[in-house]
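Asker: This is the content of structure.csv (CSV, C-alpha atoms and all ligand atoms):
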```csv
chain,number,residue,atom,x,y,z
U,1,MET,CA,61.4,215.2,-73.8
U,2,ASN,CA,64.5,213.1,-73.3
U,3,LYS,CA,63.9,210.0,-75.3
U,4,GLN,CA,65.4,207.0,-73.6
U,5,ASN,CA,64.9,203.5,-74.9
U,6,VAL,CA,61.9,201.6,-73.6
U,7,PHE,CA,61.0,198.0,-73.4
U,8,CYS,CA,59.1,196.6,-76.4
U,9,PRO,CA,57.1,193.5,-75.6
U,10,GLU,CA,57.1,192.4,-79.2
U,11,CYS,CA,60.9,192.8,-79.8
U,12,ARG,CA,61.6,191.7,-76.2
U,13,ARG,CA,64.3,194.3,-75.6
U,14,GLU,CA,64.9,198.0,-75.0
U,15,VAL,CA,64.2,199.9,-78.2
U,16,PRO,CA,64.0,203.5,-79.4
U,17,TYR,CA,60.5,204.9,-79.9
U,18,ARG,CA,58.6,207.6,-81.8
U,19,THR,CA,55.6,209.5,-80.6
U,20,GLU,CA,52.4,210.6,-82.3
U,21,GLU,CA,49.9,213.3,-81.1
U,22,ILE,CA,46.4,212.0,-80.8
U,23,LEU,CA,43.0,213.4,-79.7
U,24,ASP,CA,42.3,211.3,-76.6
U,25,LYS,CA,39.2,210.9,-74.5
U,26,ALA,CA,38.7,209.6,-70.9
U,27,GLU,CA,36.1,209.6,-68.2
U,28,LEU,CA,36.6,211.4,-64.9
U,29,ARG,CA,34.1,211.6,-62.2
U,30,GLY,CA,31.3,210.4,-64.4
U,31,LYS,CA,31.9,212.6,-67.4
U,32,GLU,CA,33.9,212.3,-70.6
U,33,TYR,CA,36.7,214.8,-71.5
U,34,SER,CA,38.7,215.2,-74.6
U,35,PHE,CA,42.4,216.3,-74.6
U,36,THR,CA,45.5,215.8,-76.7
U,37,ALA,CA,47.9,213.1,-75.6
U,38,HIS,CA,50.9,211.2,-77.1
U,39,ARG,CA,51.3,207.6,-78.0
U,40,ALA,CA,54.6,205.9,-78.4
U,41,TYR,CA,55.6,203.3,-80.9
U,42,CYS,CA,58.6,201.0,-81.2
U,43,VAL,CA,60.6,202.3,-84.2
U,44,GLU,CA,61.7,198.7,-85.1
U,45,CYS,CA,58.4,196.8,-85.1
U,46,GLY,CA,55.9,199.6,-84.9
U,47,GLU,CA,54.0,198.2,-81.9
U,48,GLU,CA,52.7,200.6,-79.3
U,49,VAL,CA,55.0,200.8,-76.2
U,50,TYR,CA,54.4,202.1,-72.7
U,51,VAL,CA,56.3,205.3,-71.7
U,52,ALA,CA,55.7,206.4,-68.1
U,53,ALA,CA,56.4,210.1,-68.7
U,54,LEU,CA,53.8,210.2,-71.5
U,55,GLU,CA,51.2,208.6,-69.2
U,56,ASP,CA,51.9,211.4,-66.6
U,57,LEU,CA,51.4,214.0,-69.3
U,58,ARG,CA,48.2,212.3,-70.5
U,59,LEU,CA,46.8,212.4,-66.9
U,60,LYS,CA,47.8,216.1,-66.6
U,61,ALA,CA,46.1,216.9,-69.9
U,62,LEU,CA,42.9,215.1,-68.7
U,63,TYR,CA,42.9,217.0,-65.5
U,64,ASP,CA,43.6,220.3,-67.3
U,65,SER,CA,40.6,219.6,-69.5
U,66,TYR,CA,38.5,218.8,-66.4
U,67,ARG,CA,39.6,222.1,-64.8
U,68,ILE,CA,38.7,224.1,-67.8
U,69,GLU,CA,35.2,222.5,-68.3
U,70,ASN,CA,34.4,222.8,-64.6
U,71,ASP,CA,35.9,226.3,-64.1
U,72,ILE,CA,38.5,225.0,-61.6
U,73,ILE,CA,41.7,227.0,-61.1
U,74,SER,CA,44.6,225.7,-63.2
U,75,LEU,CA,47.5,224.0,-61.5
U,76,GLU,CA,49.9,226.7,-62.8
U,77,GLU,CA,47.8,229.4,-61.1
U,78,ILE,CA,47.9,227.5,-57.9
U,79,GLN,CA,51.6,227.0,-58.0
U,80,ALA,CA,52.2,230.7,-58.7
U,81,LEU,CA,50.4,231.8,-55.5
U,82,PRO,CA,53.1,231.2,-52.8
U,83,ASP,CA,55.7,233.2,-54.8
U,84,ARG,CA,53.3,235.9,-55.7
U,85,TYR,CA,52.2,236.6,-52.1
U,86,ASN,CA,55.5,235.6,-50.5
U,87,ILE,CA,54.0,233.0,-48.2
U,88,GLY,CA,54.7,229.3,-47.5
U,89,LYS,CA,52.2,226.6,-48.5
U,90,ARG,CA,51.5,225.6,-44.9
U,91,PRO,CA,50.8,229.2,-43.6
U,92,LEU,CA,48.6,229.9,-46.6
U,93,SER,CA,46.6,226.8,-45.9
U,94,LEU,CA,46.2,227.9,-42.2
U,95,LEU,CA,45.2,231.4,-42.9
U,96,LEU,CA,42.5,230.1,-45.2
U,97,GLY,CA,41.2,228.0,-42.3
U,98,TRP,CA,42.1,224.8,-44.1
U,99,GLY,CA,43.9,221.8,-42.9
U,100,GLU,CA,47.7,222.5,-42.9
U,101,GLN,CA,48.4,220.1,-45.8
U,102,THR,CA,45.4,221.0,-47.9
U,103,PHE,CA,47.1,223.7,-50.0
U,104,SER,CA,50.2,221.6,-50.5
U,105,ARG,CA,48.0,218.8,-51.9
U,106,TYR,CA,46.5,221.1,-54.4
U,107,TYR,CA,50.0,222.5,-55.2
U,108,GLU,CA,51.1,218.9,-56.0
U,109,GLY,CA,48.2,218.4,-58.4
U,110,ASP,CA,45.2,217.2,-56.4
U,111,MET,CA,41.9,218.6,-57.7
U,112,PRO,CA,40.4,221.2,-55.4
U,113,THR,CA,36.6,221.3,-54.9
U,114,LYS,CA,34.8,224.0,-56.7
U,115,GLN,CA,34.3,225.9,-53.5
U,116,TYR,CA,38.0,225.8,-52.6
U,117,SER,CA,38.9,226.5,-56.2
U,118,ASP,CA,36.8,229.7,-56.2
U,119,ILE,CA,38.6,231.0,-53.1
U,120,LEU,CA,42.0,230.3,-54.8
U,121,LYS,CA,40.8,232.0,-58.0
U,122,ASN,CA,39.7,235.1,-56.1
U,123,ILE,CA,43.1,235.2,-54.4
U,124,ALA,CA,44.9,234.8,-57.7
U,125,GLU,CA,42.9,237.6,-59.3
U,126,SER,CA,42.7,240.1,-56.4
U,127,PRO,CA,45.5,241.1,-54.1
U,128,ALA,CA,42.9,243.2,-52.2
U,129,PHE,CA,40.9,240.0,-51.5
U,130,TYR,CA,44.0,238.2,-50.4
U,131,LEU,CA,45.0,241.1,-48.1
U,132,SER,CA,41.6,240.9,-46.3
U,133,LEU,CA,42.1,237.2,-45.8
U,134,LEU,CA,45.6,237.7,-44.5
U,135,ASP,CA,44.4,240.3,-42.0
U,136,LYS,CA,41.6,238.1,-40.8
U,137,GLY,CA,43.7,235.0,-40.7
U,138,LYS,CA,46.8,236.3,-38.9
U,139,ASN,CA,45.7,234.7,-35.6
U,140,LYS,CA,45.2,231.3,-37.1
U,141,GLY,CA,48.7,230.0,-36.5
U,142,ILE,CA,50.9,231.8,-38.9
U,143,THR,CA,54.0,233.5,-37.5
U,144,ASP,CA,54.2,237.2,-37.2
U,145,VAL,CA,57.3,237.2,-39.6
U,146,ALA,CA,55.3,235.3,-42.2
U,147,TYR,CA,52.4,237.7,-41.9
U,148,ARG,CA,54.5,240.8,-42.3
U,149,LYS,CA,56.5,239.4,-45.3
U,150,SER,CA,53.4,238.4,-47.1
U,151,LYS,CA,51.6,241.7,-46.3
U,152,ALA,CA,54.6,243.7,-47.7
U,153,ALA,CA,54.5,241.7,-50.9
U,154,THR,CA,50.8,242.1,-51.3
U,155,GLU,CA,50.9,245.9,-50.8
U,156,GLU,CA,53.5,246.0,-53.5
U,157,LEU,CA,51.1,244.2,-55.8
U,158,LEU,CA,48.3,246.5,-55.0
U,159,LYS,CA,50.4,249.5,-55.9
U,160,GLN,CA,51.2,248.0,-59.3
U,161,ASP,CA,47.6,247.2,-59.8
U,162,GLN,CA,46.5,250.8,-59.2
U,163,THR,CA,48.9,252.2,-61.8
U,164,HIS,CA,47.6,249.6,-64.3
U,165,ILE,CA,43.9,250.2,-63.8
U,166,ARG,CA,44.1,254.0,-63.4
U,167,SER,CA,44.1,255.8,-66.7
U,168,LYS,CA,44.5,259.3,-67.8
U,169,ILE,CA,40.9,260.3,-67.2
U,170,ASP,CA,41.3,259.3,-63.5
U,171,ASP,CA,44.1,261.8,-63.2
U,172,VAL,CA,42.0,264.5,-64.9
U,173,VAL,CA,39.1,263.7,-62.5
U,174,ASP,CA,41.4,263.9,-59.4
U,175,TYR,CA,43.0,267.1,-60.5
U,176,LEU,CA,39.5,268.7,-61.0
U,177,LEU,CA,38.2,267.4,-57.7
U,178,PHE,CA,41.3,268.7,-55.9
U,179,HIS,CA,40.9,272.2,-57.3
U,180,CYS,CA,37.1,272.6,-56.9
U,181,ARG,CA,34.5,272.3,-54.3
U,182,ASP,CA,30.9,271.5,-54.8
U,183,VAL,CA,31.4,269.5,-57.9
U,184,THR,CA,28.5,267.1,-58.5
U,185,PRO,CA,28.7,264.1,-60.7
U,186,LEU,CA,26.7,266.0,-63.3
U,187,THR,CA,29.1,269.0,-63.3
U,188,LEU,CA,32.1,266.7,-63.4
U,189,GLN,CA,30.9,264.8,-66.5
U,190,LYS,CA,30.4,268.1,-68.3
U,191,GLY,CA,33.9,269.3,-67.2
U,192,LEU,CA,35.5,266.2,-68.6
U,193,TYR,CA,33.7,266.6,-71.9
U,194,TYR,CA,34.7,270.3,-72.2
U,195,ALA,CA,38.3,269.4,-71.2
U,196,GLN,CA,38.4,266.8,-73.9
U,197,GLY,CA,37.0,269.1,-76.6
U,198,PHE,CA,39.0,272.2,-75.8
U,199,TYR,CA,42.2,270.2,-75.3
U,200,TYR,CA,41.8,268.9,-78.8
U,201,ALA,CA,41.0,272.4,-80.2
U,202,PHE,CA,44.1,274.0,-78.7
U,203,PHE,CA,46.6,271.1,-78.8
U,204,GLY,CA,45.5,268.8,-81.6
U,205,SER,CA,45.3,265.6,-79.6
U,206,TYR,CA,42.9,264.0,-77.1
U,207,LEU,CA,43.4,264.4,-73.4
U,208,PHE,CA,42.3,260.9,-72.7
U,209,GLU,CA,41.2,257.8,-74.7
U,210,ASP,CA,37.8,257.3,-73.1
U,211,THR,CA,34.7,258.1,-75.1
U,212,CYS,CA,31.4,259.4,-73.7
U,213,GLN,CA,27.8,258.5,-74.4
U,214,ALA,CA,24.9,260.7,-75.3
U,215,TRP,CA,22.8,260.3,-72.1
U,216,VAL,CA,19.6,262.2,-71.4
U,217,HIS,CA,21.4,264.8,-69.2
U,218,GLY,CA,24.2,265.3,-71.7
U,219,PRO,CA,27.5,263.6,-72.5
U,220,ALA,CA,28.6,261.1,-69.8
U,221,TYR,CA,31.6,258.9,-69.3
U,222,PRO,CA,30.3,255.6,-67.9
U,223,LYS,CA,33.4,254.6,-66.0
U,224,ILE,CA,33.4,257.9,-64.2
U,225,TYR,CA,29.7,257.7,-63.6
U,226,GLY,CA,30.2,254.3,-61.9
U,227,ARG,CA,32.9,255.7,-59.7
U,228,PHE,CA,30.7,258.5,-58.3
U,229,LYS,CA,27.1,257.3,-58.7
U,230,ASN,CA,26.6,257.1,-55.0
U,231,TYR,CA,26.7,260.9,-54.8
U,232,CYS,CA,23.6,261.2,-57.0
U,233,PHE,CA,23.1,265.0,-57.0
U,234,ASP,CA,25.3,265.8,-54.1
U,235,PRO,CA,28.8,267.3,-54.4
U,236,ILE,CA,31.6,264.8,-54.5
U,237,ASP,CA,34.0,264.8,-51.6
U,238,ARG,CA,37.0,266.9,-52.4
U,239,VAL,CA,40.2,265.0,-53.3
U,240,GLU,CA,42.5,265.9,-50.5
U,241,GLU,CA,45.8,264.7,-51.9
U,242,GLU,CA,47.7,267.0,-54.2
U,243,GLY,CA,48.7,264.5,-56.9
U,244,PRO,CA,50.9,263.1,-58.1
U,245,TRP,CA,48.9,263.6,-61.4
U,246,TYR,CA,50.6,262.4,-64.5
U,247,LEU,CA,49.6,265.5,-66.4
U,248,ALA,CA,51.8,267.6,-68.8
U,249,GLY,CA,52.1,271.4,-68.5
U,250,GLU,CA,49.6,272.0,-71.4
U,251,GLU,CA,47.1,269.6,-69.9
U,252,ILE,CA,47.3,271.5,-66.5
U,253,LEU,CA,46.9,274.8,-68.3
U,254,LEU,CA,43.8,273.6,-70.0
U,255,LEU,CA,42.3,272.1,-66.8
U,256,GLU,CA,43.0,275.3,-64.9
U,257,ASN,CA,40.7,277.1,-67.4
U,258,ILE,CA,38.1,274.4,-67.2
U,259,VAL,CA,38.0,275.0,-63.4
U,260,LYS,CA,37.7,278.8,-63.9
U,261,HIS,CA,35.4,279.0,-66.9
U,262,VAL,CA,33.3,275.8,-66.9
U,263,PHE,CA,32.9,274.9,-63.2
U,264,CYS,CA,31.7,278.4,-62.4
U,265,PHE,CA,28.3,277.2,-63.8
U,266,SER,CA,26.0,274.7,-62.2
U,267,GLY,CA,25.6,271.2,-63.5
U,268,LYS,CA,22.2,271.9,-64.8
U,269,THR,CA,23.4,275.0,-66.7
U,270,LEU,CA,26.2,273.0,-68.2
U,271,GLU,CA,23.7,270.3,-69.2
U,272,ALA,CA,21.7,273.0,-71.0
U,273,PHE,CA,25.0,274.1,-72.8
U,274,THR,CA,25.6,270.6,-74.1
U,275,HIS,CA,22.1,270.3,-75.4
U,276,THR,CA,22.8,273.1,-77.8
U,277,GLU,CA,26.0,271.5,-79.1
U,278,ALA,CA,26.4,269.3,-82.2
U,279,PRO,CA,28.2,266.3,-80.7
U,280,TRP,CA,25.3,265.4,-78.3
U,281,ILE,CA,22.5,266.5,-80.7
U,282,THR,CA,23.9,264.4,-83.6
U,283,ALA,CA,24.5,261.3,-81.5
U,284,ARG,CA,20.9,261.4,-80.2
U,285,HIS,CA,19.4,262.0,-83.6
U,286,GLY,CA,15.9,260.5,-83.8
U,287,LEU,CA,15.6,259.8,-80.0
U,288,ASP,CA,13.0,261.3,-77.7
U,289,PRO,CA,14.4,263.8,-75.2
U,290,ASP,CA,14.0,261.4,-72.3
U,291,ALA,CA,15.0,258.2,-74.2
U,292,LEU,CA,17.8,256.3,-72.5
U,293,SER,CA,20.7,255.8,-74.8
U,294,LYS,CA,24.2,254.4,-74.8
U,295,ARG,CA,25.1,255.8,-78.1
U,296,THR,CA,28.7,256.8,-78.3
U,297,ILE,CA,29.8,260.4,-78.9
U,298,SER,CA,33.0,259.9,-80.8
U,299,ASN,CA,36.1,261.8,-79.8
U,300,GLU,CA,36.3,262.8,-83.5
U,301,SER,CA,33.0,264.6,-83.4
U,302,ILE,CA,33.9,266.3,-80.1
U,303,GLY,CA,37.2,267.4,-81.6
U,304,ARG,CA,35.7,268.7,-84.8
U,305,TYR,CA,33.0,270.7,-82.9
U,306,PHE,CA,35.5,272.4,-80.6
U,307,VAL,CA,37.8,273.3,-83.4
U,308,SER,CA,34.9,275.1,-85.0
U,309,VAL,CA,34.2,276.8,-81.7
U,310,ARG,CA,37.8,277.9,-81.4
U,311,ASP,CA,37.7,279.4,-84.9
U,312,LYS,CA,34.3,281.0,-84.5
U,313,TYR,CA,35.3,282.8,-81.2
U,314,LYS,CA,38.8,283.5,-82.5
U,315,MET,CA,40.3,281.9,-79.4
U,316,LEU,CA,44.0,282.2,-78.9
U,317,THR,CA,44.5,280.4,-75.6
U,318,PRO,CA,42.5,278.2,-73.2
U,319,ALA,CA,41.8,281.4,-71.2
U,320,ASN,CA,39.4,282.3,-74.1
U,321,ILE,CA,37.1,279.4,-73.1
U,322,LYS,CA,35.3,282.0,-71.0
U,323,ASP,CA,34.2,283.8,-74.2
U,324,TYR,CA,32.3,280.7,-75.3
U,325,THR,CA,30.8,279.7,-72.0
U,326,TRP,CA,29.6,283.2,-71.1
U,327,ASP,CA,28.1,283.6,-74.6
U,328,LEU,CA,26.2,280.4,-74.2
U,329,PHE,CA,25.1,281.4,-70.7
U,330,GLY,CA,23.6,284.6,-72.3
U,331,GLN,CA,21.6,282.5,-74.8
U,332,ILE,CA,20.0,279.8,-72.7
W,401,ZN,ZN,59.3,196.4,-81.2
```
Kindly return the structure encoded in the file as structure tokens.
Ligand SMILES: [Zn+2]
Answerer:
Amino acid sequence: MNKQNVFCPECRREVPYRTEEILDKAELRGKEYSFTAHRAYCVECGEEVYVAALEDLRLKALYDSYRIENDIISLEEIQALPDRYNIGKRPLSLLLGWGEQTFSRYYEGDMPTKQYSDILKNIAESPAFYLSLLDKGKNKGITDVAYRKSKAATEELLKQDQTHIRSKIDDVVDYLLFHCRDVTPLTLQKGLYYAQGFYYAFFGSYLFEDTCQAWVHGPAYPKIYGRFKNYCFDPIDRVEEEGPWYLAGEEILLLENIVKHVFCFSGKTLEAFTHTEAPWITARHGLDPDALSKRTISNESIGRYFVSVRDKYKMLTPANIKDYTWDLFGQI
């Protein structure tokens, strides 16, 4: 802070001052809040002096503390919204169905109600939510130009979002669903597990970071389960778009062989395979066959097991996966 001199009532003239950080308390809307603030003292006589800028900071700190305790969106988050979505304060207020100055008041520091704050928070967190408001609100008095500019900015944000949330396992799933029909959630889960295991056996690293759990019906990846649980026992709709998948050549080679030599069996058959294998058996040690479990099957245990499979069947390439699956099929 730029320290100009201030008036000291004791010395009766303009003096330099020093500041001290303190833990302050104040009441706001019937409740007490603590926050850090600064006090200023005359360097000549040591009396406390009044500094307007420090008083502003003190109020801001009190309001910040109030916002945190009451789960109200922060001022900084509010002020970031117009830039983020490329929209003016007035049009934003209008498309939310608010008075045209309402958003501007919040932008200047007024405290939104919890209800309005929740709407602003949702907007800050979710471009998809904002886009739905934008589409619903476009007849509420915002210009067509403003609508289109904001829509373009939001779609750009959505694109970035997807690449952030999507991870390797989603690319693997989409690749498999593009190349196979009649894949049920159960089959898909087993395919992911075999892809992870055999990729490690042949290439010495894991295909994706996700770990699976030892569920009753075999290894399952919870995130992927959530994505497709609506299908229950029905085949998942085929992925119609051919990529782009961010998969390397070796990864595709492996997945081609999962499609050929794993997905040729039904989900129930694959479930029976996994029930003969160490990673699932070990993880469920001591559990009843129908006991629900969220125990993790570590990638290490999957890797170790499939290295042993590779050695036992003297596999040379991923095409040899069929030696294993057909052998198991003969045993169950
Ligand atoms: Zn003084």
Asker: Please, which residues in chain U fall within 8 Å of ligand ZN 401 (chain W) when counting only C-alpha atoms and all ligand atoms, and what is the closest atom pair and distance in Å to one decimal for each, ordered by chain then residue number, as a Markdown table?
Answerer:
```
| residue | atom | partner | partner_atom | distance |
| --- | --- | --- | --- | --- |
| U:Cys8 | CA | W:ZN401 | ZN | 4.8 |
| U:Pro9 | CA | W:ZN401 | ZN | 6.7 |
| U:Glu10 | CA | W:ZN401 | ZN | 5.0 |
| U:Cys11 | CA | W:ZN401 | ZN | 4.2 |
| U:Arg12 | CA | W:ZN401 | ZN | 7.2 |
| U:Arg13 | CA | W:ZN401 | ZN | 7.8 |
| U:Val15 | CA | W:ZN401 | ZN | 6.7 |
| U:Tyr41 | CA | W:ZN401 | ZN | 7.8 |
| U:Cys42 | CA | W:ZN401 | ZN | 4.7 |
| U:Val43 | CA | W:ZN401 | ZN | 6.7 |
| U:Glu44 | CA | W:ZN401 | ZN | 5.1 |
| U:Cys45 | CA | W:ZN401 | ZN | 4.0 |
| U:Gly46 | CA | W:ZN401 | ZN | 6.0 |
| U:Glu47 | CA | W:ZN401 | ZN | 5.6 |
| U:Val49 | CA | W:ZN401 | ZN | 7.9 |
```
Asker: Would you list the contacts of U:Leu270 as a PyMOL selection string, taking every protein, DNA or RNA residue within 12 Å and counting only C-alpha atoms, but skipping same-chain residues closer than 2 positions in sequence?
Answerer: chain U and resi 184-194+217-219+261-268+272-277+325-326+328-329+332
Asker: Find the residues around stretch 75-88 of chain U up to 12 Å (all atoms listed in the file counted), leave out those fewer than 5 positions away in its own chain, and share them as a ChimeraX atom specification.
Answerer: /U:60-61,63-68,93-95,100-101,103-112,116-131,133-134,142-158
Asker: Enter the distance from atom CA of U:Tyr17 to atom CA of U:Tyr33, in Å, rounded to one decimal.
Answerer: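 That distance, rounded to one decimal, is 27.1 Å.
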Asker: Quick check, in Å to one decimal: how far apart do atom CA of U:Asp234 and atom CA of U:Asp174 lie?
Answerer: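 Between these atoms lies a distance of 17.1 Å.
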Asker: Of the candidates U:Glu300, U:Asp135, U:Glu242, U:Glu271, which one gets nearest to U:Gly204 if we count only C-alpha atoms?
Answerer: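 Counting only C-alpha atoms, the residue closest to U:Gly204 is U:Glu300.
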Asker: Extract, using only C-alpha atoms, all DNA, RNA and protein residues at most 12 Å from U:Tyr199, discarding same-chain residues fewer than 3 positions from it, and format them as a PDB file with C-alpha atoms, keeping the file's coordinate frame.
Answerer:
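Written out: out18.pdb:
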```
ATOM      1  CA  VAL U 172      42.000 264.500 -64.900  1.00  0.00           C
ATOM      2  CA  GLY U 191      33.900 269.300 -67.200  1.00  0.00           C
ATOM      3  CA  LEU U 192      35.500 266.200 -68.600  1.00  0.00           C
ATOM      4  CA  TYR U 193      33.700 266.600 -71.900  1.00  0.00           C
ATOM      5  CA  TYR U 194      34.700 270.300 -72.200  1.00  0.00           C
ATOM      6  CA  ALA U 195      38.300 269.400 -71.200  1.00  0.00           C
ATOM      7  CA  GLN U 196      38.400 266.800 -73.900  1.00  0.00           C
ATOM      8  CA  PHE U 202      44.100 274.000 -78.700  1.00  0.00           C
ATOM      9  CA  PHE U 203      46.600 271.100 -78.800  1.00  0.00           C
ATOM     10  CA  GLY U 204      45.500 268.800 -81.600  1.00  0.00           C
ATOM     11  CA  SER U 205      45.300 265.600 -79.600  1.00  0.00           C
ATOM     12  CA  TYR U 206      42.900 264.000 -77.100  1.00  0.00           C
ATOM     13  CA  LEU U 207      43.400 264.400 -73.400  1.00  0.00           C
ATOM     14  CA  PHE U 208      42.300 260.900 -72.700  1.00  0.00           C
ATOM     15  CA  ALA U 248      51.800 267.600 -68.800  1.00  0.00           C
ATOM     16  CA  GLU U 250      49.600 272.000 -71.400  1.00  0.00           C
ATOM     17  CA  GLU U 251      47.100 269.600 -69.900  1.00  0.00           C
ATOM     18  CA  ILE U 252      47.300 271.500 -66.500  1.00  0.00           C
ATOM     19  CA  LEU U 253      46.900 274.800 -68.300  1.00  0.00           C
ATOM     20  CA  LEU U 254      43.800 273.600 -70.000  1.00  0.00           C
ATOM     21  CA  LEU U 255      42.300 272.100 -66.800  1.00  0.00           C
ATOM     22  CA  GLU U 256      43.000 275.300 -64.900  1.00  0.00           C
ATOM     23  CA  ASN U 257      40.700 277.100 -67.400  1.00  0.00           C
ATOM     24  CA  ILE U 258      38.100 274.400 -67.200  1.00  0.00           C
ATOM     25  CA  ASN U 299      36.100 261.800 -79.800  1.00  0.00           C
ATOM     26  CA  ILE U 302      33.900 266.300 -80.100  1.00  0.00           C
ATOM     27  CA  GLY U 303      37.200 267.400 -81.600  1.00  0.00           C
ATOM     28  CA  ARG U 304      35.700 268.700 -84.800  1.00  0.00           C
ATOM     29  CA  TYR U 305      33.000 270.700 -82.900  1.00  0.00           C
ATOM     30  CA  PHE U 306      35.500 272.400 -80.600  1.00  0.00           C
ATOM     31  CA  VAL U 307      37.800 273.300 -83.400  1.00  0.00           C
ATOM     32  CA  ARG U 310      37.800 277.900 -81.400  1.00  0.00           C
ATOM     33  CA  THR U 317      44.500 280.400 -75.600  1.00  0.00           C
ATOM     34  CA  PRO U 318      42.500 278.200 -73.200  1.00  0.00           C
ATOM     35  CA  ALA U 319      41.800 281.400 -71.200  1.00  0.00           C
ATOM     36  CA  ILE U 321      37.100 279.400 -73.100  1.00  0.00           C
TER      37      ILE U 321
END
```
Asker: Between U:Thr19, U:Arg58, U:Lys168, U:Gln213, which one has atoms that come closest to U:Ser34, using only C-alpha atoms?
Answerer: U:Arg58
Asker: To one decimal place, how far is atom CA of U:Gly243 from atom CA of U:Tyr221 in Å?
Answerer: 21.9 Å
Asker: With all atoms listed in the file as the basis for distance, which of U:Pro16, U:Gly249, U:Gly330, U:Gly197 is at the shortest distance from U:Ala278?
Answerer: U:Gly197
Asker: When distances are computed from only C-alpha atoms, which of U:Leu176, U:Ile169, U:Ile297, U:Val239 shows the smallest separation from U:Ala214?
Answerer: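 Nearest candidate to U:Ala214 out of U:Leu176, U:Ile169, U:Ile297, U:Val239: U:Ile297.
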Asker: Just checking: using all atoms listed in the file, which residue out of U:Leu96, U:Glu69, U:Leu28, U:Thr102 ends up closest to U:Lys140?
Answerer: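 Ranked by minimum distance to U:Lys140, first place goes to U:Leu96.
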Asker: From the options U:Trp280, U:Phe35, U:Trp215, U:Phe198, which residue's atoms come nearest to U:Met315, counting only C-alpha atoms?
Answerer: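 Of all the options, U:Phe198 lies closest to U:Met315.
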Asker: What would stretch 31-46 of chain U look like with N, CA and C atoms in place, written as a PDB file, in the coordinates of the input?
Answerer:
```
ATOM      1  N   LYS U  31      32.103 211.875 -66.189  1.00  0.00           N
ATOM      2  CA  LYS U  31      31.900 212.600 -67.400  1.00  0.00           C
ATOM      3  C   LYS U  31      33.103 212.425 -68.341  1.00  0.00           C
ATOM      4  N   GLU U  32      32.834 212.494 -69.663  1.00  0.00           N
ATOM      5  CA  GLU U  32      33.900 212.300 -70.600  1.00  0.00           C
ATOM      6  C   GLU U  32      34.599 213.585 -71.003  1.00  0.00           C
ATOM      7  N   TYR U  33      35.920 213.573 -71.055  1.00  0.00           N
ATOM      8  CA  TYR U  33      36.700 214.800 -71.500  1.00  0.00           C
ATOM      9  C   TYR U  33      37.608 214.436 -72.610  1.00  0.00           C
ATOM     10  N   SER U  34      37.774 215.392 -73.531  1.00  0.00           N
ATOM     11  CA  SER U  34      38.700 215.200 -74.600  1.00  0.00           C
ATOM     12  C   SER U  34      39.972 216.045 -74.343  1.00  0.00           C
ATOM     13  N   PHE U  35      41.086 215.578 -74.846  1.00  0.00           N
ATOM     14  CA  PHE U  35      42.400 216.300 -74.600  1.00  0.00           C
ATOM     15  C   PHE U  35      43.375 215.717 -75.609  1.00  0.00           C
ATOM     16  N   THR U  36      44.459 216.398 -75.798  1.00  0.00           N
ATOM     17  CA  THR U  36      45.500 215.800 -76.700  1.00  0.00           C
ATOM     18  C   THR U  36      46.489 215.040 -75.816  1.00  0.00           C
ATOM     19  N   ALA U  37      46.934 213.953 -76.349  1.00  0.00           N
ATOM     20  CA  ALA U  37      47.900 213.100 -75.600  1.00  0.00           C
ATOM     21  C   ALA U  37      48.898 212.575 -76.686  1.00  0.00           C
ATOM     22  N   HIS U  38      49.872 211.827 -76.230  1.00  0.00           N
ATOM     23  CA  HIS U  38      50.900 211.200 -77.100  1.00  0.00           C
ATOM     24  C   HIS U  38      50.914 209.750 -76.961  1.00  0.00           C
ATOM     25  N   ARG U  39      51.031 209.046 -78.074  1.00  0.00           N
ATOM     26  CA  ARG U  39      51.300 207.600 -78.000  1.00  0.00           C
ATOM     27  C   ARG U  39      52.664 207.324 -78.517  1.00  0.00           C
ATOM     28  N   ALA U  40      53.257 206.243 -78.004  1.00  0.00           N
ATOM     29  CA  ALA U  40      54.600 205.900 -78.400  1.00  0.00           C
ATOM     30  C   ALA U  40      54.626 204.549 -79.114  1.00  0.00           C
ATOM     31  N   TYR U  41      55.485 204.494 -80.143  1.00  0.00           N
ATOM     32  CA  TYR U  41      55.600 203.300 -80.900  1.00  0.00           C
ATOM     33  C   TYR U  41      57.038 202.858 -81.077  1.00  0.00           C
ATOM     34  N   CYS U  42      57.265 201.582 -81.003  1.00  0.00           N
ATOM     35  CA  CYS U  42      58.600 201.000 -81.200  1.00  0.00           C
ATOM     36  C   CYS U  42      59.042 201.347 -82.656  1.00  0.00           C
ATOM     37  N   VAL U  43      60.240 201.890 -82.833  1.00  0.00           N
ATOM     38  CA  VAL U  43      60.600 202.300 -84.200  1.00  0.00           C
ATOM     39  C   VAL U  43      61.041 201.031 -85.003  1.00  0.00           C
ATOM     40  N   GLU U  44      61.237 199.907 -84.335  1.00  0.00           N
ATOM     41  CA  GLU U  44      61.700 198.700 -85.100  1.00  0.00           C
ATOM     42  C   GLU U  44      60.512 197.885 -85.586  1.00  0.00           C
ATOM     43  N   CYS U  45      59.525 197.619 -84.685  1.00  0.00           N
ATOM     44  CA  CYS U  45      58.400 196.800 -85.100  1.00  0.00           C
ATOM     45  C   CYS U  45      57.104 197.541 -85.275  1.00  0.00           C
ATOM     46  N   GLY U  46      57.050 198.778 -84.751  1.00  0.00           N
ATOM     47  CA  GLY U  46      55.900 199.600 -84.900  1.00  0.00           C
ATOM     48  C   GLY U  46      54.782 199.344 -83.869  1.00  0.00           C
TER      49      GLY U  46
END
```
